[in-house]
Structures are given as C-alpha cells and as structure tokens.
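Structure data follow from final.cif (mmCIF, C-alpha atoms):
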```cif
data_final
loop_
_atom_site.label_atom_id
_atom_site.label_comp_id
_atom_site.auth_asym_id
_atom_site.auth_seq_id
_atom_site.Cartn_x
_atom_site.Cartn_y
_atom_site.Cartn_z
CA MET E 1 118.58 78.00 89.52
CA GLY E 2 118.52 81.60 88.33
CA LYS E 3 117.37 84.75 90.02
CA SER E 4 113.64 84.88 90.69
CA VAL E 5 111.86 87.53 88.68
CA TYR E 6 108.58 89.03 89.86
CA SER E 7 105.73 89.67 87.44
CA ARG E 8 105.81 93.38 88.30
CA GLU E 9 107.36 95.78 90.80
CA PRO E 10 105.59 97.52 93.70
CA THR E 11 104.42 101.09 93.11
CA ASN E 12 106.50 102.42 96.03
CA PRO E 13 109.47 100.05 96.55
CA ALA E 14 110.70 101.95 99.62
CA LYS E 15 107.54 101.11 101.58
CA ALA E 16 106.87 97.63 100.22
CA VAL E 17 108.16 94.12 100.90
CA LYS E 18 108.07 91.07 98.65
CA ALA E 19 107.81 87.34 99.27
CA ARG E 20 107.90 84.50 96.78
CA GLY E 21 107.65 80.72 96.74
CA SER E 22 108.52 78.63 93.69
CA ASP E 23 107.46 75.07 92.85
CA LEU E 24 105.41 74.67 96.03
CA ARG E 25 103.95 71.16 96.33
CA VAL E 26 100.46 72.37 97.10
CA SER E 27 97.29 72.44 95.00
CA PHE E 28 97.21 75.30 92.49
CA LYS E 29 93.43 75.73 92.57
CA ASN E 30 93.15 75.82 96.37
CA THR E 31 96.10 78.21 96.64
CA TYR E 32 94.61 80.49 93.96
CA GLU E 33 91.34 80.79 95.89
CA THR E 34 93.14 81.29 99.22
CA GLY E 35 95.32 84.02 97.73
CA SER E 36 92.28 85.76 96.25
CA ALA E 37 90.59 85.68 99.66
CA ILE E 38 93.43 87.48 101.50
CA LYS E 39 94.23 90.08 98.83
CA GLY E 40 93.53 93.54 100.24
CA MET E 41 93.68 92.43 103.90
CA LYS E 42 96.04 93.85 106.51
CA LEU E 43 98.90 91.56 107.50
CA GLU E 44 97.59 90.79 110.98
CA ARG E 45 94.05 90.14 109.71
CA ALA E 46 95.35 87.87 106.92
CA GLN E 47 97.36 85.79 109.40
CA LYS E 48 94.36 85.49 111.74
CA TYR E 49 92.05 84.63 108.82
CA LEU E 50 94.33 81.84 107.58
CA GLN E 51 94.69 80.44 111.09
CA ASN E 52 90.89 80.50 111.46
CA VAL E 53 90.57 78.63 108.14
CA ILE E 54 92.96 75.95 109.44
CA ASP E 55 90.81 75.72 112.60
CA LYS E 56 87.61 75.68 110.42
CA LYS E 57 86.22 78.84 112.07
CA GLU E 58 86.20 80.74 108.75
CA ILE E 59 85.99 79.50 105.17
CA VAL E 60 87.73 80.28 101.88
CA PRO E 61 85.10 81.16 99.25
CA PHE E 62 85.64 79.43 95.91
CA ARG E 63 84.74 81.82 93.11
CA ARG E 64 86.60 80.51 90.05
CA TYR E 65 87.46 76.83 90.58
CA LYS E 66 84.15 75.80 92.09
CA ILE E 67 82.97 72.83 90.01
CA GLY E 68 82.47 69.88 92.33
CA VAL E 69 82.72 71.99 95.50
CA LYS E 70 79.72 71.64 97.79
CA GLY E 71 77.84 74.48 99.48
CA LYS E 72 78.64 75.34 103.09
CA PRO E 73 76.68 77.55 105.51
CA GLN E 74 79.81 79.54 106.43
CA CYS E 75 79.93 80.91 102.86
CA ARG E 76 76.99 83.22 103.55
CA THR E 77 79.34 85.80 105.05
CA HIS E 78 81.13 86.07 101.67
CA LYS E 79 77.88 86.03 99.63
CA VAL E 80 79.09 82.90 97.78
CA ALA E 81 77.50 79.47 97.74
CA VAL E 82 80.59 77.25 97.85
CA GLY E 83 83.86 77.11 99.75
CA ARG E 84 86.41 74.90 101.48
CA TRP E 85 89.03 74.89 104.24
CA PRO E 86 92.31 74.28 102.32
CA ARG E 87 94.64 73.58 105.26
CA LYS E 88 97.85 72.95 103.31
CA SER E 89 97.47 76.05 101.13
CA CYS E 90 96.86 78.18 104.22
CA GLU E 91 100.00 76.84 105.89
CA PHE E 92 102.14 77.65 102.84
CA ILE E 93 100.74 81.17 102.52
CA LEU E 94 101.14 81.73 106.27
CA GLY E 95 104.82 80.87 105.84
CA LEU E 96 105.16 83.43 103.04
CA LEU E 97 103.40 86.07 105.15
CA LYS E 98 105.81 85.37 108.00
CA ASN E 99 108.72 85.73 105.55
CA ALA E 100 107.38 89.07 104.32
CA GLU E 101 106.88 90.25 107.91
CA SER E 102 110.51 89.46 108.79
CA ASN E 103 111.62 91.27 105.60
CA ALA E 104 109.67 94.33 106.73
CA GLU E 105 111.22 94.25 110.21
CA LEU E 106 114.68 93.99 108.68
CA ARG E 107 114.06 97.01 106.44
CA GLY E 108 112.47 99.05 109.24
CA ILE E 109 108.92 99.15 107.82
CA ASP E 110 105.97 99.27 110.24
CA THR E 111 104.38 95.81 110.16
CA ASP E 112 101.06 96.98 111.68
CA ALA E 113 100.27 99.07 108.59
CA LEU E 114 101.16 96.51 105.91
CA VAL E 115 98.44 95.47 103.45
CA VAL E 116 98.54 92.63 100.90
CA THR E 117 98.55 94.66 97.68
CA HIS E 118 99.60 92.02 95.15
CA MET E 119 98.97 88.29 95.24
CA GLN E 120 99.65 86.07 92.25
CA VAL E 121 99.49 82.29 91.96
CA ASN E 122 100.80 80.61 88.80
CA LYS E 123 100.86 76.98 87.71
CA ALA E 124 104.25 75.29 87.96
CA ARG E 125 105.62 72.31 86.08
CA ARG E 126 103.58 69.20 86.87
CA GLY E 127 105.06 66.36 88.89
CA ARG E 128 104.78 63.03 87.07
CA ARG E 129 103.93 59.77 88.78
CA ARG E 130 101.97 56.78 87.60
CA THR E 131 99.23 54.58 88.92
CA PHE E 132 98.65 50.96 88.00
CA ARG E 133 95.20 49.96 86.76
CA ALA E 134 93.38 46.74 86.06
CA HIS E 135 94.35 44.49 83.14
CA GLY E 136 97.98 45.70 83.10
CA ARG E 137 97.30 49.29 82.19
CA ILE E 138 99.19 52.33 83.57
CA ASN E 139 97.80 55.86 83.84
CA ALA E 140 99.39 59.22 84.65
CA PHE E 141 99.07 60.43 88.24
CA MET E 142 100.20 64.06 88.15
CA SER E 143 100.45 66.75 90.82
CA GLN E 144 99.71 70.44 90.21
CA PRO E 145 102.28 72.55 92.09
CA CYS E 146 102.33 76.34 91.94
CA HIS E 147 104.42 79.51 92.21
CA VAL E 148 103.20 82.20 94.65
CA GLU E 149 104.33 85.81 94.87
CA MET E 150 103.03 88.65 97.00
CA PHE E 151 103.71 92.28 97.86
CA LEU E 152 102.84 93.88 101.19
CA ALA E 153 102.92 97.68 101.29
CA GLU E 154 101.99 100.57 103.49
CA PRO E 155 98.93 102.37 102.13
#
```

Entire entry expressed as structure tokens:
Amino acid sequence: MGKSVYSREPTNPAKAVKARGSDLRVSFKNTYETGSAIKGMKLERAQKYLQNVIDKKEIVPFRRYKIGVKGKPQCRTHKVAVGRWPRKSCEFILGLLKNAESNAELRGIDTDALVVTHMQVNKARRGRRRTFRAHGRINAFMSQPCHVEMFLAEP
C-alpha cells in the first residue's frame, strides 16, 4: 500500500494535526452525516457529542441522505426533521479523534483549543458478497465502506 495522500493541506500546518482512516468497514452514508455534524466543533465537544449519540442522548441530523429515515423528536434542536443514532460510525470517528488528539500531544499542540476544521468522507471500493434467492437465483450483496480524513487546528 502506498503513502496516503490527503485531499488538501491545512492552512497552518504548524498548528494543525491530521488523522485518516482508509477502507473503513462502516456505512458511507451514516459516516458522511456524522462527519458533517461534528465539523466546526471543538475536540472535547465533538468527543462528548459522539458519546452522547452512542448513548442516544443526542441525535445526528440527516440532511443529505435522508430518504427512508423517519422523523425523531430529538431533531428539533438541529432544525431538521429526520435523524438517526449511527453507533458504529460514531465509534470509528471517535477512534480517529483520539488518534488526532495523541498526534497533537506528541507535537506539543494544545488539545483544549483544537477545532475540527476539515472533515471529508469518500466512498471506498465496495465489498462483494452474494445472497441466495428463491428458484436458484443469486444476487449481489455489497457493502459500502468509506475513507475518512480530518484536520484539527487551533483557531
């Protein structure tokens, strides 16, 4: 596997940290919405928010991939009608935030002032499986993994 290349570089590399996950076996659509929800948050608030989503105390608003998603009363705080609690996506992004936090401590950057400035979720190559149907037919049963990259920087 080659060197991972980011889609862009931080504006001030001396005061920014990066974290990246490739080919994560987690839903692309749920991870996209979760990443959009934490963009612009401070590091500590983002970690608390994702933990609250796992505990179903807060909700991730679905703004783009919302077809088939039902309305929830918790969405009123985000002024959106629909949302979900994507547990697996939150756990993966929490792991990336922890990685970025340890990168910041290693480089001597203040972790209390870090803000999620860049969050990008891309589709990865689909995993192929198959499911067996009635009358001897076989259909594709494919997963939708994703690549996630983020920058945390001091404002």

> Quick one: of E:Ser4, E:Ser89, E:Asn122, E:Thr111, who's nearest to Arg45 of chain E, counting only C-alpha atoms?
Replying inline: E:Thr111

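Nearest residue to Gln47 of chain E among E:Arg129, E:Lys29, E:Lys98, E:Arg64 is E:Lys98, counting all atoms listed in the file.
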
>> I'd like to know which of E:Glu9, E:Asp110, E:Glu44, E:Asp55 is closest to Glu91 of chain E, using all atoms listed in the file.
In response: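 Among the listed residues, the smallest separation from Glu91 of chain E belongs to E:Asp55.
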
Could you expand the PyMOL selection byres ((chain E and resi 50) around 10) into the explicit residues it covers here, written as an mmCIF file with C-alpha atoms, keeping the file's coordinate frame?
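Output file selection15.cif is given in full below:
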```cif
data_model
loop_
_atom_site.group_PDB
_atom_site.id
_atom_site.type_symbol
_atom_site.label_atom_id
_atom_site.label_comp_id
_atom_site.auth_asym_id
_atom_site.auth_seq_id
_atom_site.Cartn_x
_atom_site.Cartn_y
_atom_site.Cartn_z
ATOM 1 C CA THR E 34 93.140 81.290 99.220
ATOM 2 C CA ALA E 37 90.590 85.680 99.660
ATOM 3 C CA ILE E 38 93.430 87.480 101.500
ATOM 4 C CA ARG E 45 94.050 90.140 109.710
ATOM 5 C CA ALA E 46 95.350 87.870 106.920
ATOM 6 C CA GLN E 47 97.360 85.790 109.400
ATOM 7 C CA LYS E 48 94.360 85.490 111.740
ATOM 8 C CA TYR E 49 92.050 84.630 108.820
ATOM 9 C CA GLN E 51 94.690 80.440 111.090
ATOM 10 C CA ASN E 52 90.890 80.500 111.460
ATOM 11 C CA VAL E 53 90.570 78.630 108.140
ATOM 12 C CA ILE E 54 92.960 75.950 109.440
ATOM 13 C CA ASP E 55 90.810 75.720 112.600
ATOM 14 C CA LYS E 56 87.610 75.680 110.420
ATOM 15 C CA LYS E 57 86.220 78.840 112.070
ATOM 16 C CA GLU E 58 86.200 80.740 108.750
ATOM 17 C CA ILE E 59 85.990 79.500 105.170
ATOM 18 C CA VAL E 60 87.730 80.280 101.880
ATOM 19 C CA TRP E 85 89.030 74.890 104.240
ATOM 20 C CA PRO E 86 92.310 74.280 102.320
ATOM 21 C CA ARG E 87 94.640 73.580 105.260
ATOM 22 C CA SER E 89 97.470 76.050 101.130
ATOM 23 C CA CYS E 90 96.860 78.180 104.220
ATOM 24 C CA GLU E 91 100.000 76.840 105.890
ATOM 25 C CA ILE E 93 100.740 81.170 102.520
ATOM 26 C CA LEU E 94 101.140 81.730 106.270
#
```

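Distances here use only C-alpha atoms; by that measure, the residue among E:Asn12, E:Arg128, E:Ala113, E:His147 closest to Lys42 of chain E is E:Ala113.
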
>> I'd like the interatomic distance between atom CA of Lys18 of chain E and atom CA of Phe92 of chain E, to a tenth of an Å.
In response: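 The value is 15.3 Å.
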
>> So that I can check the surroundings of Glu149 of chain E, please list as JSON, numbers by chain every protein, DNA and RNA residue that reaches within 8 Å of it, counting only C-alpha atoms and ignoring chain neighbours fewer than 4 positions away.
In response: {"E": [6, 18, 19, 20, 21, 118, 119, 120, 121]}

> To one decimal place, how far is atom CA of Val82 of chain E from atom CA of Met142 of chain E in Å?
Replying inline: 25.5 Å

> With all atoms listed in the file as the atoms that count, which of E:Phe141, E:Arg125, E:Arg8, E:Pro61 lies nearest to Pro73 of chain E?
Replying inline: E:Pro61

>> I'd like to know which of E:Val5, E:Leu24, E:Ala153, E:Met41 is closest to Leu114 of chain E, using only C-alpha atoms.
In response: E:Ala153

Can you rebuild segment 115-126 of chain E with all heavy atoms and give it as a PDB file, in the coordinates of the input?
```pdb
ATOM      1  N   VAL E 115      99.623  96.012 104.115  1.00  0.00           N
ATOM      2  CA  VAL E 115      98.440  95.470 103.450  1.00  0.00           C
ATOM      3  C   VAL E 115      98.898  94.612 102.275  1.00  0.00           C
ATOM      4  O   VAL E 115      99.863  94.960 101.586  1.00  0.00           O
ATOM      5  CB  VAL E 115      97.521  96.618 102.939  1.00  0.00           C
ATOM      6  CG1 VAL E 115      96.321  96.074 102.177  1.00  0.00           C
ATOM      7  CG2 VAL E 115      97.069  97.487 104.085  1.00  0.00           C
ATOM      8  N   VAL E 116      98.218  93.495 102.045  1.00  0.00           N
ATOM      9  CA  VAL E 116      98.540  92.630 100.900  1.00  0.00           C
ATOM     10  C   VAL E 116      98.028  93.324  99.641  1.00  0.00           C
ATOM     11  O   VAL E 116      96.837  93.364  99.374  1.00  0.00           O
ATOM     12  CB  VAL E 116      97.898  91.234 101.051  1.00  0.00           C
ATOM     13  CG1 VAL E 116      98.238  90.355  99.858  1.00  0.00           C
ATOM     14  CG2 VAL E 116      98.324  90.580 102.344  1.00  0.00           C
ATOM     15  N   THR E 117      98.956  93.904  98.862  1.00  0.00           N
ATOM     16  CA  THR E 117      98.550  94.660  97.680  1.00  0.00           C
ATOM     17  C   THR E 117      98.599  93.834  96.397  1.00  0.00           C
ATOM     18  O   THR E 117      97.882  94.122  95.450  1.00  0.00           O
ATOM     19  CB  THR E 117      99.459  95.891  97.498  1.00  0.00           C
ATOM     20  OG1 THR E 117     100.818  95.457  97.447  1.00  0.00           O
ATOM     21  CG2 THR E 117      99.268  96.866  98.639  1.00  0.00           C
ATOM     22  N   HIS E 118      99.463  92.837  96.366  1.00  0.00           N
ATOM     23  CA  HIS E 118      99.600  92.020  95.150  1.00  0.00           C
ATOM     24  C   HIS E 118      99.735  90.564  95.560  1.00  0.00           C
ATOM     25  O   HIS E 118     100.524  90.232  96.441  1.00  0.00           O
ATOM     26  CB  HIS E 118     100.855  92.463  94.374  1.00  0.00           C
ATOM     27  CG  HIS E 118     101.238  91.554  93.244  1.00  0.00           C
ATOM     28  ND1 HIS E 118     100.504  91.455  92.097  1.00  0.00           N
ATOM     29  CD2 HIS E 118     102.283  90.705  93.096  1.00  0.00           C
ATOM     30  CE1 HIS E 118     101.090  90.584  91.278  1.00  0.00           C
ATOM     31  NE2 HIS E 118     102.171  90.113  91.875  1.00  0.00           N
ATOM     32  N   MET E 119      98.930  89.717  94.948  1.00  0.00           N
ATOM     33  CA  MET E 119      98.970  88.290  95.240  1.00  0.00           C
ATOM     34  C   MET E 119      98.781  87.559  93.927  1.00  0.00           C
ATOM     35  O   MET E 119      97.753  87.742  93.262  1.00  0.00           O
ATOM     36  CB  MET E 119      97.855  87.938  96.225  1.00  0.00           C
ATOM     37  CG  MET E 119      97.839  86.504  96.612  1.00  0.00           C
ATOM     38  SD  MET E 119      99.254  86.169  97.606  1.00  0.00           S
ATOM     39  CE  MET E 119      98.719  84.780  98.478  1.00  0.00           C
ATOM     40  N   GLN E 120      99.752  86.774  93.530  1.00  0.00           N
ATOM     41  CA  GLN E 120      99.650  86.070  92.250  1.00  0.00           C
ATOM     42  C   GLN E 120     100.043  84.617  92.440  1.00  0.00           C
ATOM     43  O   GLN E 120     101.059  84.314  93.063  1.00  0.00           O
ATOM     44  CB  GLN E 120     100.572  86.732  91.227  1.00  0.00           C
ATOM     45  CG  GLN E 120     100.503  86.098  89.867  1.00  0.00           C
ATOM     46  CD  GLN E 120     101.275  86.889  88.845  1.00  0.00           C
ATOM     47  OE1 GLN E 120     101.396  88.096  88.933  1.00  0.00           O
ATOM     48  NE2 GLN E 120     101.822  86.201  87.861  1.00  0.00           N
ATOM     49  N   VAL E 121      99.229  83.725  91.898  1.00  0.00           N
ATOM     50  CA  VAL E 121      99.490  82.290  91.960  1.00  0.00           C
ATOM     51  C   VAL E 121      99.516  81.776  90.519  1.00  0.00           C
ATOM     52  O   VAL E 121      98.564  81.966  89.770  1.00  0.00           O
ATOM     53  CB  VAL E 121      98.403  81.558  92.773  1.00  0.00           C
ATOM     54  CG1 VAL E 121      98.705  80.075  92.841  1.00  0.00           C
ATOM     55  CG2 VAL E 121      98.290  82.143  94.167  1.00  0.00           C
ATOM     56  N   ASN E 122     100.637  81.163  90.147  1.00  0.00           N
ATOM     57  CA  ASN E 122     100.800  80.610  88.800  1.00  0.00           C
ATOM     58  C   ASN E 122     100.998  79.108  88.872  1.00  0.00           C
ATOM     59  O   ASN E 122     101.523  78.589  89.857  1.00  0.00           O
ATOM     60  CB  ASN E 122     102.025  81.210  88.102  1.00  0.00           C
ATOM     61  CG  ASN E 122     101.863  82.679  87.829  1.00  0.00           C
ATOM     62  OD1 ASN E 122     100.758  83.149  87.618  1.00  0.00           O
ATOM     63  ND2 ASN E 122     102.966  83.397  87.858  1.00  0.00           N
ATOM     64  N   LYS E 123     100.614  78.410  87.791  1.00  0.00           N
ATOM     65  CA  LYS E 123     100.860  76.980  87.710  1.00  0.00           C
ATOM     66  C   LYS E 123     102.343  76.723  87.486  1.00  0.00           C
ATOM     67  O   LYS E 123     102.995  77.436  86.728  1.00  0.00           O
ATOM     68  CB  LYS E 123     100.068  76.357  86.560  1.00  0.00           C
ATOM     69  CG  LYS E 123      98.583  76.286  86.806  1.00  0.00           C
ATOM     70  CD  LYS E 123      97.893  75.579  85.663  1.00  0.00           C
ATOM     71  CE  LYS E 123      96.403  75.501  85.917  1.00  0.00           C
ATOM     72  NZ  LYS E 123      95.698  74.829  84.819  1.00  0.00           N
ATOM     73  N   ALA E 124     102.859  75.706  88.148  1.00  0.00           N
ATOM     74  CA  ALA E 124     104.250  75.290  87.960  1.00  0.00           C
ATOM     75  C   ALA E 124     104.276  74.010  87.131  1.00  0.00           C
ATOM     76  O   ALA E 124     103.229  73.468  86.763  1.00  0.00           O
ATOM     77  CB  ALA E 124     104.916  75.071  89.316  1.00  0.00           C
ATOM     78  N   ARG E 125     105.469  73.539  86.859  1.00  0.00           N
ATOM     79  CA  ARG E 125     105.620  72.310  86.080  1.00  0.00           C
ATOM     80  C   ARG E 125     105.041  71.142  86.872  1.00  0.00           C
ATOM     81  O   ARG E 125     105.309  70.988  88.065  1.00  0.00           O
ATOM     82  CB  ARG E 125     107.098  72.074  85.799  1.00  0.00           C
ATOM     83  CG  ARG E 125     107.343  70.912  84.905  1.00  0.00           C
ATOM     84  CD  ARG E 125     108.795  70.884  84.455  1.00  0.00           C
ATOM     85  NE  ARG E 125     108.978  69.767  83.555  1.00  0.00           N
ATOM     86  CZ  ARG E 125     109.944  68.873  83.680  1.00  0.00           C
ATOM     87  NH1 ARG E 125     110.817  68.980  84.658  1.00  0.00           N
ATOM     88  NH2 ARG E 125     110.050  67.886  82.829  1.00  0.00           N
ATOM     89  N   ARG E 126     104.266  70.304  86.191  1.00  0.00           N
ATOM     90  CA  ARG E 126     103.580  69.200  86.870  1.00  0.00           C
ATOM     91  C   ARG E 126     104.559  68.094  87.267  1.00  0.00           C
ATOM     92  O   ARG E 126     105.485  67.784  86.530  1.00  0.00           O
ATOM     93  CB  ARG E 126     102.513  68.615  85.950  1.00  0.00           C
ATOM     94  CG  ARG E 126     101.372  69.565  85.708  1.00  0.00           C
ATOM     95  CD  ARG E 126     100.371  68.923  84.799  1.00  0.00           C
ATOM     96  NE  ARG E 126      99.049  69.150  85.353  1.00  0.00           N
ATOM     97  CZ  ARG E 126      97.989  68.450  85.044  1.00  0.00           C
ATOM     98  NH1 ARG E 126      98.074  67.447  84.207  1.00  0.00           N
ATOM     99  NH2 ARG E 126      96.833  68.731  85.580  1.00  0.00           N
TER     100      ARG E 126
END
```
